[in-house]
Structures are given as structure tokens and as C-alpha cells.
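Student: Here you go, work_8.txt (compact mmCIF, C-alpha atoms and all ligand atoms):
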```txt
# COMPACT_ATOMS: atom_id res chain seq x y z
CA MET B 20 51.25 176.04 79.06
CA VAL B 21 54.53 176.33 80.87
CA ASP B 22 56.49 173.37 82.21
CA HIS B 23 57.22 173.70 85.85
CA PRO B 24 60.85 172.82 86.53
CA HIS B 25 60.41 170.88 89.77
CA ASN B 26 57.38 168.68 89.73
CA LYS B 27 56.48 168.64 86.06
CA LYS B 28 53.13 170.23 86.73
CA THR B 29 52.11 172.83 84.19
CA ILE B 30 51.01 176.37 84.76
CA ASP B 31 48.14 176.97 82.39
CA LEU B 32 45.84 179.32 84.27
CA VAL B 33 47.90 182.41 84.92
CA PRO B 34 46.34 185.16 87.07
CA ASP B 35 46.11 188.53 85.28
CA HIS B 36 46.85 190.66 88.34
CA VAL B 37 49.26 189.43 90.99
CA ALA B 38 49.90 191.67 93.99
CA VAL B 39 52.73 191.10 96.44
CA ILE B 40 53.24 192.32 99.99
CA MET B 41 57.02 192.15 100.07
CA ASP B 42 57.57 191.61 103.79
CA GLY B 43 60.46 190.43 105.96
CA ASN B 44 63.40 192.51 104.77
CA GLY B 45 64.21 193.62 108.32
CA ARG B 46 64.00 190.13 109.79
CA TRP B 47 66.13 188.74 106.96
CA ALA B 48 68.86 191.24 107.85
CA GLN B 49 68.49 190.63 111.57
CA LYS B 50 68.85 186.87 111.07
CA LEU B 51 72.21 187.48 109.38
CA GLY B 52 73.38 190.13 111.86
CA LYS B 53 73.12 192.87 109.23
CA GLU B 54 71.46 196.27 109.30
CA ARG B 55 67.82 196.50 108.22
CA LYS B 56 68.75 198.54 105.19
CA GLU B 57 70.80 195.64 103.86
CA GLY B 58 67.58 193.66 103.87
CA HIS B 59 65.88 196.32 101.77
CA GLN B 60 68.86 196.39 99.42
CA GLU B 61 68.74 192.62 98.97
CA GLY B 62 64.96 192.82 98.52
CA MET B 63 65.62 194.60 95.21
CA GLU B 64 67.17 191.42 93.83
CA ALA B 65 63.99 189.53 94.72
CA ILE B 66 62.01 192.20 92.86
CA ARG B 67 64.14 191.57 89.77
CA ARG B 68 63.72 187.80 89.98
CA VAL B 69 59.97 187.95 90.49
CA THR B 70 59.43 190.63 87.83
CA VAL B 71 61.25 188.61 85.18
CA ARG B 72 59.46 185.39 86.12
CA ALA B 73 56.01 187.00 86.28
CA SER B 74 56.51 188.59 82.90
CA GLN B 75 57.69 185.27 81.40
CA ARG B 76 54.58 183.58 82.76
CA GLY B 77 52.22 186.05 81.13
CA VAL B 78 51.04 187.98 84.18
CA LYS B 79 49.44 191.24 82.97
CA VAL B 80 50.00 193.37 86.08
CA LEU B 81 52.40 192.77 88.96
CA THR B 82 51.72 195.16 91.83
CA LEU B 83 54.45 195.38 94.47
CA TYR B 84 53.80 196.98 97.86
CA ALA B 85 57.00 198.96 98.41
CA PHE B 86 56.00 201.65 100.91
CA SER B 87 52.75 202.06 102.81
CA THR B 88 51.19 205.28 104.12
CA GLU B 89 51.86 203.76 107.56
CA ASN B 90 55.57 203.17 106.93
CA TRP B 91 56.23 206.86 107.73
CA LYS B 92 56.03 205.72 111.36
CA ARG B 93 59.47 204.07 111.01
CA PRO B 94 62.67 205.76 112.23
CA PRO B 95 63.68 208.70 109.97
CA GLN B 96 66.88 206.98 108.84
CA GLU B 97 64.97 203.95 107.58
CA VAL B 98 62.31 206.12 105.89
CA LYS B 99 65.08 208.06 104.19
CA PHE B 100 66.66 204.85 102.93
CA LEU B 101 63.34 203.50 101.65
CA MET B 102 62.65 206.80 99.85
CA GLN B 103 65.97 206.59 98.05
CA LEU B 104 65.52 202.95 96.96
CA PRO B 105 63.44 203.69 93.83
CA VAL B 106 66.27 205.93 92.59
CA THR B 107 68.79 203.11 93.01
CA PHE B 108 66.42 200.52 91.61
CA PHE B 109 65.53 202.38 88.42
CA ASP B 110 69.10 203.58 87.83
CA ARG B 111 70.23 199.97 87.80
CA PHE B 112 67.34 198.04 86.37
CA VAL B 113 65.53 200.09 83.74
CA PRO B 114 67.64 198.44 80.97
CA GLU B 115 66.57 195.01 82.22
CA LEU B 116 62.94 196.15 82.35
CA GLN B 117 63.29 197.33 78.74
CA GLU B 118 64.72 193.95 77.68
CA ASN B 119 61.67 192.30 79.19
CA ASN B 120 59.22 194.75 77.56
CA VAL B 121 58.00 195.73 81.06
CA LYS B 122 56.07 198.96 81.57
CA VAL B 123 56.38 200.77 84.91
CA ASN B 124 53.39 202.27 86.69
CA MET B 125 52.86 203.65 90.17
CA ILE B 126 49.94 203.87 92.55
CA GLY B 127 50.30 206.01 95.67
CA PHE B 128 50.27 209.55 96.95
CA ARG B 129 52.85 212.03 95.74
CA LYS B 130 52.52 214.10 98.89
CA ASN B 131 55.60 213.85 101.17
CA VAL B 132 57.61 211.84 98.62
CA PRO B 133 60.94 213.67 98.09
CA GLY B 134 61.44 215.34 94.70
CA PRO B 135 64.33 213.15 93.48
CA THR B 136 62.34 209.99 94.28
CA ARG B 137 59.30 211.30 92.43
CA LYS B 138 61.44 212.28 89.47
CA SER B 139 63.12 208.89 89.24
CA ILE B 140 59.75 207.12 89.28
CA GLU B 141 58.35 209.50 86.65
CA LYS B 142 61.44 209.00 84.52
CA ALA B 143 61.12 205.21 84.66
CA ILE B 144 57.43 205.47 83.76
CA ASP B 145 58.33 207.67 80.81
CA GLN B 146 61.23 205.47 79.65
CA THR B 147 59.06 202.35 79.60
CA LYS B 148 55.80 203.91 78.43
CA ASP B 149 55.88 202.29 74.98
CA ASN B 150 56.51 198.78 76.30
CA THR B 151 53.65 196.41 75.63
CA GLY B 152 54.39 193.59 78.06
CA MET B 153 53.68 193.25 81.76
CA ILE B 154 52.91 196.31 83.86
CA LEU B 155 55.17 196.55 86.91
CA ASN B 156 53.04 198.58 89.26
CA PHE B 157 54.72 199.96 92.37
CA ALA B 158 52.50 200.77 95.33
CA PHE B 159 54.58 203.52 96.86
CA ASN B 160 53.24 205.73 99.63
CA TYR B 161 50.06 203.73 99.12
CA GLY B 162 47.26 203.11 101.63
CA GLY B 163 43.97 201.40 100.91
CA ARG B 164 41.79 203.45 103.24
CA ALA B 165 43.25 206.76 102.05
CA GLU B 166 42.69 205.63 98.46
CA ILE B 167 39.00 204.93 99.13
CA ILE B 168 38.57 208.30 100.88
CA GLU B 169 40.13 210.19 97.96
CA ALA B 170 37.96 208.27 95.50
CA THR B 171 34.88 209.10 97.57
CA LYS B 172 35.78 212.80 97.51
CA SER B 173 36.13 212.67 93.71
CA VAL B 174 32.71 211.03 93.41
CA ILE B 175 31.19 213.68 95.70
CA ASP B 176 32.71 216.43 93.55
CA LYS B 177 31.18 214.88 90.45
CA VAL B 178 27.77 214.62 92.10
CA LEU B 179 27.94 218.22 93.35
CA SER B 180 28.92 219.50 89.92
CA GLY B 181 26.10 217.52 88.33
CA GLU B 182 28.48 215.42 86.23
CA LEU B 183 27.21 212.35 88.04
CA ASN B 184 23.75 211.59 89.34
CA LYS B 185 23.53 210.07 92.86
CA LYS B 186 21.93 206.98 91.31
CA GLU B 187 25.05 206.58 89.20
CA VAL B 188 27.24 206.08 92.26
CA THR B 189 27.92 202.39 91.72
CA GLU B 190 30.79 199.96 92.22
CA GLU B 191 31.94 200.84 88.72
CA THR B 192 31.91 204.63 89.14
CA LEU B 193 33.65 204.47 92.53
CA GLN B 194 36.22 201.97 91.28
CA ALA B 195 36.97 204.29 88.37
CA GLU B 196 38.17 206.92 90.87
CA LEU B 197 40.59 204.57 92.66
CA LEU B 198 44.31 204.80 91.94
CA THR B 199 44.10 201.39 90.27
CA ASN B 200 42.11 202.94 87.43
CA SER B 201 45.58 203.36 85.91
CA ILE B 202 45.80 199.56 85.50
CA ALA B 203 42.26 199.04 84.20
CA PRO B 204 40.85 196.59 83.21
CA TYR B 205 42.96 194.66 85.71
CA ASP B 206 42.00 196.78 88.74
CA ASN B 207 41.04 193.80 90.86
CA VAL B 208 43.66 191.44 92.27
CA ASP B 209 43.52 187.78 91.27
CA LEU B 210 46.35 186.46 93.42
CA LEU B 211 47.75 188.12 96.54
CA ILE B 212 51.11 186.90 97.81
CA ARG B 213 52.65 187.86 101.17
CA SER B 214 56.09 186.78 102.26
CA SER B 215 57.60 186.45 105.76
CA GLY B 216 54.84 184.37 107.36
CA GLU B 217 52.59 187.30 108.26
CA GLN B 218 48.97 186.80 107.24
CA ARG B 219 47.37 190.23 107.06
CA LEU B 220 46.55 192.90 104.49
CA SER B 221 48.27 195.87 106.15
CA ASN B 222 45.97 198.33 104.32
CA PHE B 223 46.88 196.99 100.87
CA LEU B 224 44.35 197.23 98.01
CA LEU B 225 41.35 196.84 100.33
CA TRP B 226 38.74 197.26 97.60
CA GLN B 227 40.66 195.38 94.92
CA ASN B 228 41.33 192.30 97.08
CA ALA B 229 37.61 191.66 97.64
CA TYR B 230 37.75 188.34 95.76
CA SER B 231 41.46 187.62 95.41
CA GLU B 232 43.09 184.32 96.29
CA PHE B 233 45.75 184.50 99.03
CA TYR B 234 49.13 182.78 99.05
CA PHE B 235 51.38 183.05 102.09
CA SER B 236 55.05 182.11 102.10
CA LYS B 237 57.19 181.81 105.21
CA LEU B 238 60.25 183.03 103.31
CA TYR B 239 61.55 186.50 103.99
CA TRP B 240 61.27 188.69 100.90
CA PRO B 241 65.04 188.75 100.06
CA ASP B 242 64.92 184.93 99.93
CA PHE B 243 61.94 184.89 97.53
CA THR B 244 62.68 183.32 94.12
CA GLY B 245 61.12 182.86 90.71
CA ASP B 246 60.47 179.21 91.56
CA ILE B 247 58.53 180.18 94.69
CA PHE B 248 56.53 182.55 92.50
CA ASP B 249 55.76 179.57 90.26
CA GLU B 250 54.64 177.62 93.34
CA ALA B 251 52.16 180.40 94.08
CA LEU B 252 50.88 180.29 90.49
CA LEU B 253 50.48 176.51 90.70
CA ASP B 254 48.59 176.83 93.95
CA TYR B 255 46.36 179.50 92.43
CA GLN B 256 45.24 177.32 89.58
CA SER B 257 43.96 174.68 91.98
CA ARG B 258 41.60 177.18 93.64
CA SER B 259 37.91 177.36 92.85
CA ARG B 260 36.85 181.00 92.56
CA ARG B 261 33.14 181.34 93.15
CA TYR B 262 32.45 185.03 93.76
CA GLY B 263 29.51 184.14 95.97
CA ALA B 264 27.89 181.85 93.45
CA ILE B 265 28.04 178.05 93.57
C1 LIG B 301 59.19 194.96 104.03
O1 LIG B 301 60.08 194.50 104.99
C2 LIG B 301 59.64 196.24 103.38
C3 LIG B 301 58.83 197.40 103.78
C4 LIG B 301 57.80 197.41 104.57
C5 LIG B 301 59.24 198.66 103.20
P1 LIG B 301 60.04 195.04 106.47
O2 LIG B 301 60.92 196.22 106.58
O3 LIG B 301 58.63 195.26 106.92
O4 LIG B 301 60.67 193.81 107.24
P2 LIG B 301 60.24 193.23 108.64
O5 LIG B 301 58.76 192.96 108.59
O6 LIG B 301 60.58 194.26 109.67
O7 LIG B 301 61.03 191.99 108.80
C1 LIG B 302 53.47 196.10 104.64
O1 LIG B 302 54.47 195.62 105.46
C2 LIG B 302 53.99 197.23 103.81
C3 LIG B 302 54.94 196.88 102.76
C4 LIG B 302 55.36 195.68 102.48
C5 LIG B 302 55.44 197.98 102.00
P1 LIG B 302 54.66 196.14 106.96
O2 LIG B 302 55.81 195.40 107.49
O3 LIG B 302 54.71 197.61 106.98
O4 LIG B 302 53.29 195.68 107.64
P2 LIG B 302 52.94 195.42 109.17
O5 LIG B 302 53.31 196.66 109.93
O6 LIG B 302 53.74 194.25 109.60
O7 LIG B 302 51.47 195.14 109.18
MG MG B 303 57.24 194.10 107.84
```
Could you show the structure in this file as C-alpha cells?
Ligand code: IPE
Ligand code: IPE
Ligand code: MG
Tutor:
Amino acid sequence: MVDHPHNKKTIDLVPDHVAVIMDGNGRWAQKLGKERKEGHQEGMEAIRRVTVRASQRGVKVLTLYAFSTENWKRPPQEVKFLMQLPVTFFDRFVPELQENNVKVNMIGFRKNVPGPTRKSIEKAIDQTKDNTGMILNFAFNYGGRAEIIEATKSVIDKVLSGELNKKEVTEETLQAELLTNSIAPYDNVDLLIRSSGEQRLSNFLLWQNAYSEFYFSKLYWPDFTGDIFDEALLDYQSRSRRYGAI
């Protein structure tokens, strides 16, 4: 049980897997007359705040949507900046992740991600691999539909090679081929948070959000705080999850 600072409610039912669509960096910058990239830069501070708070609260996996397979449609300058952000982030914050016993993981496609970005992510994964606390899982060059297609191809290969019988193609065997197998047994999302007032999935964890609870905040991501994260946790524990039953 954790005392909540504002309204003295307690957080006693903490979701295992929280996933966040970190949206509104561009609008945050625009509101202040800054360049969009300054919004992305400031968004890193929100990542720090939320990572520390989530890990203090006992969340097992925090998945952050950092770059979607559709974000390549943005202007080349912005794409370039977003590709370089993991390098900056891990250079600065790996020591803080270590202090918090946080283990880094990534889900997404390596294809098209520049070498230095890939290396910095791999290095952070390696540096934190022995940590036993929360998994900080970056969805980077991630797309839900592409993930399901790749998983389907893997299942087909296994059926063709005889490793798997067609009858054994089940929710479990398909799920095991998804990128989120790397965060098993917490593959499925318990609480999905999206900032900036938008209320859509934008191709994020389509399979894994089948029974998640949604929390929408009007705040732009750079304005997101640990206390707002707590608000989402408090809201979550008042929900009744039924999974189709009664
Ligand atoms: C989220 O902020 C960050 C990424 C998608 C990488 P946006 O860049 O989408 O910000 P808005 O939605 O334009 O305000
Ligand atoms: C979703 O935000 C992707 C990330 C947060 C990385 P977008 O800003 O790309 O989503 P849309 O285009 O508004 O749906
Ligand atoms: Mg956006």
C-alpha cells in the first residue's frame, strides 16, 4: 500500500504492465513558440519522472511508445532527431536507471534504425541486464500490425517445418511469436495511458491491449508528472475487469 500524496487514497492494486503512448511533444513546443524537437527533448524528462515513479510503485513492465512504424512519414529532420534521442537518453540516464534497478528492453524492428541508435539501445540493454526491478520497455520502430504479420510468418514457418501442428496454432502459440514475448509473462497490457487528449491506439500493441484499461490525460507529454501517473493508477484500481465474464 502506498499513500497517495494528494487525496490520501492508497494505491494497493498496481497494474503489472503499464503502456504509455507519449503524445503531444510537438503541440507542447508549439504552445510555447519553440521548435518541435524541443518538445521531444523535454519529453525525455517526463520519461525519467514516470520511470522512477512506476518503478517505486511496483509496476513490473513499463512500455513506452517512442517511435512508430508510421512515424517515418514525418519530415526527415524530425525523423533524424527522433532517431538520435535514444543515444542522448541512454548517455545521460543509464546511471539513474541503474540506481533504480531498472532493466531496459526494446520491442520494434531493427530495419532502418541507424547503426549508432541500435548500438546505444543494445548497450543500455546490456548494461542493465542484471537489474531485477522494473523492465523499461521501449517500443521503438514498433507497429502492431507489422508485429502480428511477422508473428504469423513465424507460425507458418513452424507449421511448414513440422515443428508445430496446425491444431497447435492457438492464442498462446501466436502470442509467443510476438515481440512482447521478451516481456513474458507480462505480454498483455493492464493499463494503457495516452497523453495529449487524443483517444486512439495509433497501431500500438493491438493484440496485447485486447483487455487493457484505458486512461486518457489532456496533458501534453512533456507536462506529464509522477503524480499524474499516480492518478492513472488510482483510476485503474477502481475499474472492474471482467474479460467477458460477469
Ligand atoms: C509524440 O509527440 C512523440 C512521437 C510521436 C515521437 P508528437 O510528436 O506526436 O506530438 P504532437 O502529437 O505532434 O503534438
Ligand atoms: C503515436 O503518436 C506514436 C508515438 C507516441 C510514438 P502519433 O502522434 O504518431 O500518433 P497519431 O499520428 O496522432 O495517431
Ligand atoms: Mg502526436
Student: Using all atoms listed in the file, which of the listed residues (B:Ser180, B:Thr171, B:Asn150, B:Asn160) sits closest to ligand LIG 302 (chain B)?
Tutor: B:Asn160
Student: Which residues are near ligand LIG 302 (chain B) in this structure, taking near to mean any atom at most 7 Å from a ligand atom and counting all atoms listed in the file? Format them as a list of chain:residue names.
Tutor: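 For ligand LIG 302 (chain B), the residues inside 7 Å are B:Ile40, B:Met41, B:Asp42, B:Gly43, B:Tyr84, B:Ala85, B:Phe86, B:Ser87, B:Glu89, B:Asn90, B:Arg219, B:Ser221.
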Student: Between B:Trp240, B:Phe157, B:Tyr255, B:Tyr205, single out the one closest to ligand LIG 301 (chain B), counting only C-alpha atoms and all ligand atoms.
Tutor: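 Using only C-alpha atoms and all ligand atoms, ligand LIG 301 (chain B) sits closest to B:Trp240.
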Student: Excluding Ile202 of chain B and its own-chain neighbours fewer than 3 positions away, which residues fall within 10 Å of it when counting all atoms listed in the file? Please give them as a VMD selection string.
Tutor: chain B and resid 36 79 to 80 82 124 to 126 154 to 156 198 to 199 205 to 207
Student: Quick one: axis-aligned box around all listed atoms of ligand LIG 301 (chain B), 6 Å on every side, centre and edge lengths in Å to one decimal, written as lines of an AutoDock Vina configuration file.
Tutor:
```
center_x = 59.4
center_y = 195.3
center_z = 106.4
size_x = 15.2
size_y = 18.7
size_z = 18.5
```
Student: State, in Å with one decimal place, the distance from atom CA of Gln75 of chain B to atom CA of Glu115 of chain B.
Tutor: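 Computed distance, atom CA of Gln75 of chain B to atom CA of Glu115 of chain B, equals 13.2 Å.
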Student: Kindly indicate which residue among B:Lys185, B:Lys99, B:Lys130, B:Lys138 lies nearest to ligand LIG 301 (chain B), using all atoms listed in the file for the distances.
Tutor: B:Lys99
Student: For a test of reading the model, state the distance in Å between atom C2 of ligand LIG 301 (chain B) and atom CA of Leu238 of chain B, rounded to one decimal.
Tutor: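 Computing the Euclidean distance for atom C2 of ligand LIG 301 (chain B) and atom CA of Leu238 of chain B yields 13.2 Å.
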Student: Quote the spacing between atom CA of Pro34 of chain B and atom CA of Arg261 of chain B in Å to one decimal place.
Tutor: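 Computing it gives 15.0 Å between the two atoms.
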Student: Between B:Val174, B:Ile247, B:Ala48, B:Leu252, which has the minimum distance to ligand MG 303 (chain B) (counting only C-alpha atoms and all ligand atoms)?
Tutor: B:Ala48
Student: Do a neighbour search on Asp242 of chain B at 9 Å with all atoms listed in the file, toss out local chain neighbours closer than 6 positions, and write the hits as an NGL selection string.
Tutor: :B and (47 or 61-62 or 65)
Student: I need the residue nearest ligand MG 303 (chain B) from this list: B:Phe223, B:Asp254, B:Lys28, B:Asn44. Use only C-alpha atoms and all ligand atoms for the distance.
Tutor: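 Result for the nearest residue to ligand MG 303 (chain B): B:Asn44.
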Student: Which one of B:Gln146, B:Gln117, B:Ser215, B:Gln96 sits closest to Phe243 of chain B if you count all atoms listed in the file?
Tutor: B:Ser215
